[in-house]
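J.: Data file structure-v6.cif (mmCIF, C-alpha atoms) is appended below.
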data_start
#
loop_
_atom_site.label_atom_id
_atom_site.label_comp_id
_atom_site.auth_asym_id
_atom_site.auth_seq_id
_atom_site.Cartn_x
_atom_site.Cartn_y
_atom_site.Cartn_z
CA MET X 1 1.69 -12.71 -6.55
CA ALA X 2 3.98 -14.18 -9.15
CA SER X 3 5.28 -17.56 -8.07
CA SER X 4 7.51 -20.42 -9.10
CA ALA X 5 4.59 -22.07 -10.87
CA ALA X 6 4.32 -21.19 -14.56
CA VAL X 7 1.17 -19.97 -16.24
CA PHE X 8 0.87 -19.79 -19.99
CA LEU X 9 -1.64 -17.46 -21.56
CA SER X 10 -2.88 -18.65 -24.93
CA SER X 11 -0.15 -18.71 -27.60
CA SER X 12 2.01 -16.13 -25.81
CA SER X 13 3.41 -18.67 -23.34
CA LEU X 14 3.49 -15.93 -20.71
CA SER X 15 5.23 -17.40 -17.69
CA LEU X 16 4.63 -15.94 -14.24
CA HIS X 17 7.81 -17.63 -13.15
CA ALA X 18 9.60 -15.54 -15.75
CA LEU X 19 7.73 -12.50 -14.49
CA SER X 20 8.93 -13.14 -10.97
CA ARG X 21 12.56 -13.37 -12.11
CA ARG X 22 12.39 -10.35 -14.43
CA ALA X 23 10.56 -8.12 -11.94
CA ARG X 24 13.34 -8.61 -9.41
CA GLY X 25 15.84 -7.22 -11.93
CA THR X 26 13.79 -4.62 -12.32
CA ASN X 27 3.22 26.06 -5.18
CA PHE X 28 4.07 25.02 -1.53
CA SER X 29 6.44 27.47 0.16
CA ILE X 30 8.85 24.82 1.45
CA ARG X 31 11.82 24.25 -0.80
CA PRO X 32 12.00 20.65 -2.04
CA VAL X 33 14.80 18.63 -0.45
CA SER X 34 16.23 15.18 -1.09
CA ILE X 35 17.74 13.21 1.76
CA ARG X 36 19.22 9.79 2.16
CA ALA X 37 18.60 8.34 5.61
CA LEU X 38 22.03 7.20 6.78
CA SER X 39 22.68 4.40 9.23
CA ALA X 40 25.49 6.04 11.19
CA SER X 41 23.38 6.49 14.31
CA MET X 42 21.03 3.55 13.89
CA ASP X 43 21.50 -0.20 13.77
CA TYR X 44 19.20 -1.30 10.96
CA SER X 45 19.18 -4.90 12.12
CA ALA X 46 17.82 -3.75 15.46
CA ALA X 47 15.40 -1.43 13.70
CA SER X 48 13.73 -4.31 11.88
CA VAL X 49 10.78 -5.16 14.11
CA ALA X 50 8.33 -6.81 11.78
CA ASP X 51 7.73 -9.51 14.40
CA ARG X 52 6.84 -7.07 17.17
CA SER X 53 3.35 -7.56 18.60
CA VAL X 54 1.38 -4.32 18.89
CA SER X 55 -2.20 -3.89 20.04
CA PRO X 56 -4.59 -1.18 18.85
CA LEU X 57 -6.78 0.87 21.18
CA LYS X 58 -9.75 -0.09 19.03
CA THR X 59 -10.49 -2.62 16.31
CA ASN X 60 -13.76 -2.33 14.46
CA ASN X 61 -15.63 -2.53 11.16
CA TRP X 62 -17.07 0.35 9.18
CA GLN X 63 -19.85 -0.50 6.73
CA TRP X 64 -19.21 0.86 3.26
CA LYS X 65 -22.17 1.08 0.91
CA TYR X 66 -21.09 0.60 -2.69
CA LYS X 67 -23.90 0.35 -5.21
CA GLU X 68 -26.16 -2.36 -3.78
CA ASN X 69 -23.48 -3.87 -1.55
CA PHE X 70 -22.80 -3.32 2.14
CA ILE X 71 -19.17 -4.15 2.80
CA ASN X 72 -17.57 -4.49 6.22
CA ILE X 73 -14.29 -2.57 6.24
CA HIS X 74 -11.74 -3.45 8.91
CA TYR X 75 -9.90 -0.63 10.65
CA GLU X 76 -7.72 -0.18 13.72
CA GLU X 77 -7.06 2.88 15.88
CA TYR X 78 -3.85 3.62 17.77
CA GLY X 79 -3.19 6.31 20.38
CA LYS X 80 -2.24 6.94 23.97
CA ASP X 81 -4.67 5.69 26.60
CA GLY X 82 -6.74 8.56 27.95
CA ALA X 83 -5.14 11.20 25.70
CA ASP X 84 -7.17 13.91 24.02
CA THR X 85 -6.49 13.42 20.34
CA SER X 86 -5.88 16.60 18.37
CA LYS X 87 -4.78 15.24 15.00
CA THR X 88 -5.26 11.99 13.09
CA ILE X 89 -3.05 10.10 10.67
CA LEU X 90 -4.76 7.79 8.20
CA MET X 91 -2.43 4.95 7.21
CA ILE X 92 -3.34 3.00 4.08
CA PRO X 93 -1.67 -0.34 3.23
CA THR X 94 0.13 -1.09 0.01
CA ILE X 95 -2.16 -2.89 -2.43
CA SER X 96 -0.94 -6.42 -3.06
CA ASP X 97 -2.18 -10.00 -3.01
CA VAL X 98 -1.59 -10.09 0.75
CA SER X 99 -2.26 -6.45 1.66
CA THR X 100 -3.01 -5.93 5.36
CA VAL X 101 -3.16 -3.34 8.14
CA GLU X 102 -0.37 -5.34 9.77
CA GLU X 103 2.25 -3.57 7.66
CA TRP X 104 1.58 -0.23 9.41
CA ARG X 105 1.06 -1.40 13.00
CA SER X 106 4.58 -0.88 14.32
CA VAL X 107 4.88 2.53 12.66
CA ALA X 108 1.55 3.62 14.12
CA GLN X 109 2.49 2.50 17.61
CA ASP X 110 5.89 4.22 17.37
CA ILE X 111 4.51 7.61 16.31
CA VAL X 112 1.52 7.85 18.65
CA GLN X 113 3.60 6.96 21.71
CA ARG X 114 6.15 9.74 21.18
CA GLU X 115 6.12 12.73 23.48
CA SER X 116 4.93 15.68 21.47
CA LYS X 117 2.95 18.91 21.69
CA VAL X 118 0.55 17.26 19.26
CA ASN X 119 -1.40 14.21 20.40
CA TRP X 120 -1.42 11.95 17.36
CA GLN X 121 -3.89 9.17 16.71
CA ALA X 122 -3.41 6.72 13.86
CA THR X 123 -6.16 4.91 11.98
CA ILE X 124 -5.15 2.02 9.72
CA VAL X 125 -7.75 0.71 7.29
CA ASP X 126 -7.90 -2.39 5.10
CA TRP X 127 -8.97 -2.04 1.48
CA PRO X 128 -12.24 -3.70 0.39
CA GLY X 129 -11.44 -7.19 -0.83
CA LEU X 130 -8.15 -7.31 1.07
CA GLY X 131 -6.80 -7.81 4.58
CA TYR X 132 -9.56 -8.38 7.13
CA SER X 133 -12.25 -6.52 5.19
CA ASP X 134 -15.08 -8.30 3.35
CA ARG X 135 -14.08 -9.77 -0.02
CA LEU X 136 -17.12 -9.61 -2.22
CA LYS X 137 -17.05 -10.79 -5.80
CA MET X 138 -17.05 -7.44 -7.58
CA ASP X 139 -15.39 -5.85 -10.60
CA TYR X 140 -12.51 -4.22 -8.74
CA ASP X 141 -10.55 -1.48 -10.47
CA ALA X 142 -8.75 1.76 -9.59
CA ASP X 143 -12.01 3.73 -9.67
CA VAL X 144 -13.61 1.42 -7.09
CA MET X 145 -10.60 1.75 -4.79
CA GLU X 146 -10.56 5.54 -5.17
CA LYS X 147 -14.29 5.69 -4.43
CA PHE X 148 -13.73 3.68 -1.26
CA LEU X 149 -10.91 5.93 -0.09
CA VAL X 150 -12.93 9.10 -0.75
CA ASP X 151 -15.96 7.69 1.10
CA PHE X 152 -13.91 6.50 4.07
CA VAL X 153 -12.41 9.97 4.49
CA ASN X 154 -15.56 12.00 3.87
CA SER X 155 -18.62 10.01 4.94
CA PRO X 156 -20.55 11.43 7.93
CA ASP X 157 -20.40 8.04 9.67
CA SER X 158 -16.73 7.41 8.91
CA PRO X 159 -14.35 6.66 11.81
CA LEU X 160 -12.54 9.84 10.66
CA ARG X 161 -15.63 12.06 10.97
CA ARG X 162 -14.26 13.96 13.98
CA SER X 163 -10.79 14.39 12.51
CA ASP X 164 -9.45 17.83 11.72
CA ASP X 165 -6.12 18.45 9.98
CA LEU X 166 -6.01 14.92 8.56
CA VAL X 167 -2.61 13.55 7.54
CA VAL X 168 -2.44 10.59 5.17
CA PHE X 169 0.35 8.02 4.81
CA GLY X 170 -0.01 5.59 1.90
CA GLY X 171 2.17 2.77 0.63
CA GLY X 172 2.61 1.56 -2.95
CA HIS X 173 -0.51 1.96 -5.12
CA ALA X 174 -2.37 3.46 -2.15
CA ALA X 175 -0.17 6.55 -2.35
CA THR X 176 -0.91 7.06 -6.04
CA ILE X 177 -4.65 6.50 -5.63
CA LEU X 178 -4.64 9.09 -2.85
CA ALA X 179 -2.76 11.55 -5.08
CA ARG X 180 -5.31 10.97 -7.85
CA ALA X 181 -8.21 11.66 -5.50
CA ALA X 182 -6.47 14.77 -4.13
CA LYS X 183 -5.88 16.08 -7.66
CA LYS X 184 -9.64 15.91 -8.23
CA GLY X 185 -10.29 17.71 -4.96
CA LEU X 186 -12.07 14.69 -3.51
CA VAL X 187 -9.78 14.33 -0.49
CA GLN X 188 -8.56 17.18 1.70
CA ALA X 189 -5.40 16.66 3.74
CA ARG X 190 -2.94 18.76 5.70
CA ALA X 191 0.03 16.62 4.69
CA PHE X 192 0.72 13.46 2.70
CA ALA X 193 3.50 10.86 2.76
CA ALA X 194 3.96 8.37 -0.08
CA VAL X 195 6.00 5.35 1.05
CA ALA X 196 7.55 3.31 -1.77
CA PRO X 197 4.90 4.64 -4.20
CA THR X 198 4.01 2.52 -7.23
CA TRP X 199 1.52 2.76 -10.07
CA ALA X 200 1.92 -0.36 -12.25
CA GLY X 201 0.83 -3.89 -11.34
CA PRO X 202 3.20 -6.90 -11.51
CA LEU X 203 2.39 -7.87 -15.10
CA PRO X 204 2.10 -4.42 -16.75
CA ILE X 205 5.33 -3.13 -15.20
CA VAL X 206 7.21 -6.00 -16.86
CA PHE X 207 5.29 -6.75 -20.06
CA GLY X 208 3.65 -3.42 -20.88
CA ARG X 209 0.08 -2.60 -21.85
CA ASP X 210 -0.26 -3.00 -25.60
CA SER X 211 -3.52 -4.43 -26.93
CA SER X 212 -2.10 -7.93 -27.26
CA MET X 213 -0.97 -8.00 -23.63
CA GLU X 214 -4.23 -6.49 -22.40
CA THR X 215 -6.06 -9.37 -24.08
CA ARG X 216 -3.83 -11.87 -22.28
CA TYR X 217 -4.31 -10.07 -18.97
CA GLY X 218 -8.06 -10.28 -19.46
CA PHE X 219 -7.80 -14.02 -20.09
CA LEU X 220 -5.76 -14.55 -16.92
CA ARG X 221 -8.08 -12.34 -14.88
CA GLY X 222 -11.15 -14.23 -16.06
CA THR X 223 -9.53 -17.54 -15.30
CA LEU X 224 -8.56 -16.49 -11.77
CA ARG X 225 -12.16 -15.39 -11.09
CA ALA X 226 -13.71 -18.60 -12.42
CA PRO X 227 -15.41 -20.90 -9.83
CA ALA X 228 -13.26 -24.05 -10.01
CA VAL X 229 -10.20 -23.54 -12.17
CA GLY X 230 -9.80 -20.09 -10.62
CA TRP X 231 -9.23 -21.52 -7.17
CA MET X 232 -6.79 -24.06 -8.55
CA MET X 233 -4.74 -21.39 -10.29
CA TYR X 234 -4.95 -19.03 -7.31
CA ASN X 235 -3.69 -21.75 -4.97
CA MET X 236 -0.82 -22.46 -7.33
CA LEU X 237 0.23 -18.85 -7.88
CA VAL X 238 -0.62 -17.07 -4.64
CA SER X 239 -2.09 -19.15 -1.86
CA ASN X 240 0.88 -21.25 -0.84
CA GLU X 241 3.53 -20.53 1.75
CA LYS X 242 6.46 -21.32 -0.52
CA SER X 243 5.37 -18.72 -3.06
CA ILE X 244 4.74 -16.06 -0.42
CA LYS X 245 8.10 -16.67 1.23
CA SER X 246 9.88 -16.54 -2.12
CA GLN X 247 8.30 -13.23 -3.12
CA TYR X 248 9.03 -11.57 0.21
CA GLU X 249 12.62 -12.74 0.15
CA SER X 250 13.21 -11.75 -3.47
CA HIS X 251 11.78 -8.24 -3.70
CA VAL X 252 9.14 -7.31 -1.11
CA TYR X 253 11.79 -7.14 1.63
CA SER X 254 15.38 -6.09 1.02
CA ASP X 255 16.88 -8.51 3.55
CA PRO X 256 15.66 -12.12 3.22
CA THR X 257 16.57 -12.82 6.85
CA ASN X 258 13.80 -10.43 7.92
CA VAL X 259 11.17 -12.71 6.38
CA THR X 260 10.03 -14.69 9.41
CA ALA X 261 7.80 -17.73 9.64
CA SER X 262 5.14 -15.67 11.44
CA ILE X 263 4.97 -13.17 8.55
CA VAL X 264 4.58 -15.94 5.99
CA GLU X 265 1.93 -17.70 8.09
CA SER X 266 0.01 -14.46 8.57
CA ARG X 267 -0.02 -13.67 4.86
CA TYR X 268 -0.89 -17.25 3.94
CA ALA X 269 -3.91 -17.10 6.26
CA LEU X 270 -5.12 -13.99 4.44
CA THR X 271 -5.07 -15.85 1.12
CA LYS X 272 -7.46 -18.46 2.55
CA ARG X 273 -10.22 -16.01 3.41
CA GLU X 274 -13.45 -16.32 1.44
CA GLY X 275 -13.30 -14.30 -1.79
CA ALA X 276 -9.56 -13.78 -1.46
CA ARG X 277 -8.74 -14.12 -5.17
CA TYR X 278 -10.85 -11.33 -6.69
CA VAL X 279 -8.71 -8.28 -5.88
CA PRO X 280 -5.41 -10.10 -6.64
CA ALA X 281 -6.83 -11.00 -10.09
CA ALA X 282 -7.36 -7.29 -10.73
CA PHE X 283 -4.06 -6.15 -9.19
CA LEU X 284 -1.88 -8.68 -10.99
CA THR X 285 -3.29 -7.71 -14.38
CA GLY X 286 -3.21 -3.94 -13.93
CA LEU X 287 -6.87 -3.09 -13.27
CA LEU X 288 -5.93 -1.37 -10.00
CA ASP X 289 -3.30 0.83 -11.65
CA PRO X 290 -4.36 4.46 -11.04
CA VAL X 291 -2.38 5.76 -14.05
CA LYS X 292 -0.99 4.26 -17.26
CA SER X 293 2.39 6.02 -17.59
CA ARG X 294 5.19 7.73 -15.70
CA GLU X 295 4.08 11.05 -17.17
CA GLU X 296 0.65 10.64 -15.59
CA PHE X 297 2.29 9.51 -12.34
CA LEU X 298 4.44 12.65 -12.17
CA GLY X 299 1.46 14.74 -13.19
CA LEU X 300 -0.51 13.59 -10.15
CA PHE X 301 2.20 14.75 -7.78
CA ALA X 302 2.72 17.99 -9.71
CA SER X 303 -0.98 18.76 -9.22
CA LEU X 304 -0.41 18.76 -5.44
CA GLU X 305 2.01 21.68 -5.64
CA GLY X 306 0.87 24.37 -3.21
CA LYS X 307 -1.95 22.26 -1.73
CA PHE X 308 -0.07 20.54 1.10
CA PRO X 309 3.44 19.25 1.87
CA VAL X 310 4.31 15.91 0.28
CA LEU X 311 6.98 13.50 1.50
CA VAL X 312 8.18 10.63 -0.70
CA VAL X 313 9.96 7.74 1.03
CA SER X 314 11.85 5.48 -1.38
CA GLY X 315 13.16 2.01 -0.55
CA GLU X 316 16.80 1.76 -1.56
CA GLY X 317 16.46 -1.97 -2.23
CA ALA X 318 13.26 -1.81 -4.31
CA PRO X 319 13.14 -3.84 -7.57
CA LYS X 320 14.75 -2.07 -10.51
CA ARG X 321 11.59 -1.06 -12.36
CA SER X 322 9.69 0.05 -9.26
CA LYS X 323 12.74 1.90 -7.97
CA ALA X 324 12.99 3.84 -11.25
CA GLU X 325 9.44 5.17 -10.76
CA MET X 326 10.23 6.22 -7.20
CA GLU X 327 13.42 7.94 -8.33
CA ALA X 328 11.45 9.87 -10.92
CA LEU X 329 9.84 11.71 -8.00
CA ARG X 330 13.17 12.93 -6.63
CA GLY X 331 13.07 16.70 -7.11
CA ALA X 332 9.77 16.46 -9.00
CA LYS X 333 7.19 19.20 -8.88
CA GLY X 334 4.80 18.79 -5.97
CA VAL X 335 7.27 16.75 -3.88
CA THR X 336 8.34 18.78 -0.88
CA LYS X 337 10.82 16.28 0.51
CA PHE X 338 12.34 13.04 -0.79
CA VAL X 339 14.13 10.53 1.45
CA GLU X 340 15.63 7.12 0.82
CA VAL X 341 15.60 4.46 3.51
CA LYS X 342 16.60 0.86 3.96
CA GLY X 343 14.02 -1.53 2.55
CA ALA X 344 12.31 -2.49 -0.70
CA LEU X 345 8.54 -2.41 -1.39
CA LEU X 346 7.43 -2.58 2.27
CA PRO X 347 9.97 -0.51 4.23
CA GLN X 348 7.26 0.49 6.71
CA GLU X 349 6.96 -3.14 7.76
CA GLU X 350 10.51 -4.35 7.30
CA TYR X 351 12.15 -1.32 8.97
CA PRO X 352 9.33 0.40 10.87
CA THR X 353 11.60 2.25 13.29
CA VAL X 354 13.50 3.87 10.44
CA VAL X 355 10.37 4.79 8.50
CA ALA X 356 8.59 6.05 11.63
CA GLU X 357 11.51 8.36 12.35
CA GLN X 358 11.35 9.91 8.87
CA LEU X 359 7.58 10.27 9.04
CA TYR X 360 7.74 11.82 12.50
CA ARG X 361 10.34 14.35 11.37
CA PHE X 362 8.03 15.26 8.51
CA LEU X 363 5.20 15.83 10.99
CA GLN X 364 7.43 17.98 13.21
CA GLU X 365 8.47 20.09 10.23
CA ASN X 366 4.88 20.81 9.23
CA PHE X 367 2.95 20.98 12.52
#
Translate the structure of the given file into C-alpha cells.

T.:
Amino acid sequence: MASSAAVFLSSSSLSLHALSRRARGTNFSIRPVSIRALSASMDYSAASVADRSVSPLKTNNWQWKYKENFINIHYEEYGKDGADTSKTILMIPTISDVSTVEEWRSVAQDIVQRESKVNWQATIVDWPGLGYSDRLKMDYDADVMEKFLVDFVNSPDSPLRRSDDLVVFGGGHAATILARAAKKGLVQARAFAAVAPTWAGPLPIVFGRDSSMETRYGFLRGTLRAPAVGWMMYNMLVSNEKSIKSQYESHVYSDPTNVTASIVESRYALTKREGARYVPAAFLTGLLDPVKSREEFLGLFASLEGKFPVLVVSGEGAPKRSKAEMEALRGAKGVTKFVEVKGALLPQEEYPTVVAEQLYRFLQENF
C-alpha cells in the first residue's frame, strides 16, 4: 500500500507518496440494464456496518497443493443453523496488501439470513499469501492466483465439492481473475457478480507499464522481498497503522468517518503475519494484474456473453482511474446488469447492507 513515506527507485526518483496522491485523483437472454442505487429509501450512514461482529457457522483450513508446497487456505462458511443448503455463493476478497475474508462477512451474514425459497450458504476464502492463509515465500503472479481459484472450485476435496449451481462474488482483482478463468472454461458458475472490479495494480495504473517502468517495478519488488532491507521497507510503506488509516480514508473507503480504529487494528495485525510482504510486493508492482489493458479487460467480460448472468457493482466514490475502468463496463458486452452504489474500492465492507441488497436482487432475478 502506498504510504506517506517516499521510495525512490534508481534514477527515476519514483515516489510512493506521489503515487498515493496521484492515485486518489485518479449471448445471455437478459437485456443489459444499468441502475444507480438511490438512497431515497435507505439511510447510508445506518447502512455502514463495517464494525458489526458476525460469526461464521464454520471456520477451517483447506490444504492447497501447489507444486511442492502444501498451503493452508483459510475459509469461512455462513448459513442458517440446521438449514438444508441448496445453493452456495463463493465470495472472494479484493486483492490488496491487507486483503481479508473480513470484507465479505457482513454481506454473507445478511444474504444467508434472508427468508427465501432458496437456502443460500456463503463460503468466503482467503487468497494464498493473504488474510489468514499461509504466506509462503513464492513467486506470486496472476497465474498462481488463477490456479488457486480454479483448484479451490474444482478439487474433489474442496469445501465446495458438494455445491451445485455455484454463484461467485468477487471484489477488485478477484473479479477479473475469475472472469479470466471462466473465459478459459476452467470455472463453471451459474451467476457472477463483480464488485468494484479492477485489473491494474497501484503502480501500473498510475505510471504505466513501459519497459523502463517495468525495470523499476522489478527493482522495488526485489527489494521488498529481500531478507533485511525488505522488512524495513515493508514496515515503512505498508505495515504501520498511520499508513493503513491514510489509505482507507483517502480512497479505499468513500467516507473517512467509516474508517474505525478496529478496522485499522485488524488490517495492521494482518501485516505482521509471517511472510506478509511477498504478495504485496507482487500486487504493488503489477504481477497480480490479470490483464494488461482495458481492451483485454473488456474482452474478458465479453467472453462471458451467453454463459451466465453477470452483475457489475461500481463504487461511486472510487478513485478516478479505477472508476474509469469500472465505468467502461457499463453497457459492455457480457455485462447483464450494472449498478452504482455508495462506496469506493471496498463497498462490500463499507456499505454491506447496500451491496447485499443489490446482490440479493440479482440472485432473485436469476434463481

J.: When you look at Val153 (chain X) with a cut-off of 12 Å (counting only C-alpha atoms), what residues show up, excluding the ones that are within fewer than 6 positions of it in the same chain? I need them as a VMD selection string.

T.: chain X and resid 62 64 88 to 92 123 to 125 146 to 147 159 to 168 178 181 to 182 186 to 189

J.: Could you give me, as a JSON list (two decimals) with C-alpha atoms, keeping the file's coordinate frame, the residues that sit within 6 Å of (-6.6, -10.5, -7.1) in the file's coordinates, counting all atoms listed in the file?

T.:
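Okay, out-v6.json is ready:
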[["chain", "number", "residue", "atom", "x", "y", "z"],
["X", 277, "ARG", "CA", -8.74, -14.12, -5.17],
["X", 278, "TYR", "CA", -10.85, -11.33, -6.69],
["X", 279, "VAL", "CA", -8.71, -8.28, -5.88],
["X", 280, "PRO", "CA", -5.41, -10.10, -6.64],
["X", 281, "ALA", "CA", -6.83, -11.00, -10.09],
["X", 282, "ALA", "CA", -7.36, -7.29, -10.73],
["X", 283, "PHE", "CA", -4.06, -6.15, -9.19]]

J.: Residue by residue, what does the PyMOL selection byres ((chain X and resi 291) around 12) grab here? Present the result as a PyMOL selection string.

T.: chain X and resi 141-143+173+175-181+198-201+204-205+209+286-290+292-301

J.: Rank nothing, just name the residue among X:Asn235, X:Arg135, X:Pro319, X:Leu363 nearest to Trp120 (chain X), using all atoms listed in the file.

T.: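 Between X:Asn235, X:Arg135, X:Pro319, X:Leu363, the residue approaching Trp120 (chain X) most closely is X:Leu363.
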
J.: Skip Leu203 (chain X) itself and residues of its chain fewer than 5 positions away, then list as a list in words all residues within 8 Å of it, counting only C-alpha atoms.

T.: Leu19, Gly208, Leu284, Thr285 and Gly286 of chain X

J.: Just checking: using only C-alpha atoms, which residue out of X:Arg221, X:Ser211, X:Val341, X:Trp231 ends up closest to Ala356 (chain X)?

T.: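 Among X:Arg221, X:Ser211, X:Val341, X:Trp231, it is X:Val341 that comes nearest to Ala356 (chain X).
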
J.: Considering all atoms listed in the file, state which residue in the set X:Val355, X:Val229, X:Ala276, X:Ala196 is at the smallest distance from Val312 (chain X).

T.: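 Looking only at the distances to Val312 (chain X), the closest residue turns out to be X:Ala196.
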
J.: Quick one: apply the PyMOL selection byres ((chain X and resi 128) around 9) to the file and drop the selected residues here as an mmCIF file with C-alpha atoms, in the coordinates of the input.

T.:
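Ended up saving to expr_0.cif:
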data_model
loop_
_atom_site.group_PDB
_atom_site.id
_atom_site.type_symbol
_atom_site.label_atom_id
_atom_site.label_comp_id
_atom_site.auth_asym_id
_atom_site.auth_seq_id
_atom_site.Cartn_x
_atom_site.Cartn_y
_atom_site.Cartn_z
ATOM 1 C CA TRP X 64 -19.210 0.860 3.260
ATOM 2 C CA ILE X 71 -19.170 -4.150 2.800
ATOM 3 C CA ASN X 72 -17.570 -4.490 6.220
ATOM 4 C CA ILE X 73 -14.290 -2.570 6.240
ATOM 5 C CA HIS X 74 -11.740 -3.450 8.910
ATOM 6 C CA ASP X 126 -7.900 -2.390 5.100
ATOM 7 C CA TRP X 127 -8.970 -2.040 1.480
ATOM 8 C CA GLY X 129 -11.440 -7.190 -0.830
ATOM 9 C CA LEU X 130 -8.150 -7.310 1.070
ATOM 10 C CA GLY X 131 -6.800 -7.810 4.580
ATOM 11 C CA TYR X 132 -9.560 -8.380 7.130
ATOM 12 C CA SER X 133 -12.250 -6.520 5.190
ATOM 13 C CA ASP X 134 -15.080 -8.300 3.350
ATOM 14 C CA ARG X 135 -14.080 -9.770 -0.020
ATOM 15 C CA LEU X 136 -17.120 -9.610 -2.220
ATOM 16 C CA MET X 145 -10.600 1.750 -4.790
ATOM 17 C CA PHE X 148 -13.730 3.680 -1.260
ATOM 18 C CA VAL X 279 -8.710 -8.280 -5.880
#

J.: Would you mind reading off the distance between CA of Asp255 (chain X) and CA of Gly172 (chain X), one decimal, in Å?

T.: 18.6 Å

J.: If you measure from CA of Val150 (chain X) to CA of Pro93 (chain X), what distance in Å do you get, rounded to one decimal?

T.: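 Atom-to-atom, CA of Val150 (chain X) to CA of Pro93 (chain X), that is 15.2 Å.
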
J.: With distances taken over only C-alpha atoms, which residue among X:Gly218, X:Pro156, X:Pro256, X:Gly171 lies nearest Val101 (chain X)?

T.: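 Using only C-alpha atoms, Val101 (chain X) sits closest to X:Gly171.
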
J.: Which residues are near Glu357 (chain X)? Cut-off 12 Å, only C-alpha atoms, ignore same chain within fewer than 5 positions. Put them as an MDAnalysis selection string.

T.: chainID X and resid 37:38 42 47 106:112 114 313 339 341 348 351:352 362:364

J.: Out of X:Pro56, X:Pro197, X:Gly170, X:Gly317, which residue has the shortest atom-to-atom distance to Arg330 (chain X) when counting all atoms listed in the file?

T.: X:Pro197

J.: Scan for residues within 10 Å of the point (11.8, 4.0, -9.9) in the coordinates of the file, using all atoms listed in the file, and reply as a list in words.

T.: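 Those within range, by chain then number, are Thr26, Ala196, Pro197, Thr198, Arg294, Ser314, Gly315, Glu316, Ala318, Pro319, Lys320, Arg321, Ser322, Lys323, Ala324, Glu325, Met326, Glu327, Ala328, Leu329 and Arg330 of chain X.
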
J.: Applying the PyMOL selection byres ((chain X and resi 262-268) around 9) to the file I just gave you, which residues come out? Please list them as a ChimeraX atom specification.

T.: /X:50-51,97-100,131,238-242,244-245,248,259-261,269-272

J.: Could you jot down the CA of Ser243 (chain X) to CA of Thr257 (chain X) separation for me, Å, one decimal place?

T.: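 Interatomic distance, CA of Ser243 (chain X) to CA of Thr257 (chain X): 16.1 Å.
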
J.: Once you add 8 Å to each side, what are the centre and edge lengths of the axis-aligned box holding all listed atoms of region 251-270 of chain X? One decimal in Å, as JSON, if you can.

T.:
{"center_x": 5.9, "center_y": -11.9, "center_z": 3.9, "size_x": 38.0, "size_y": 27.6, "size_z": 31.1}

J.: Using all atoms listed in the file, find the one residue out of X:Phe169, X:Tyr360, X:Tyr140, X:Phe367 that sits nearest to Thr94 (chain X).

T.: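 Using all atoms listed in the file, the shortest distance to Thr94 (chain X) belongs to X:Phe169.
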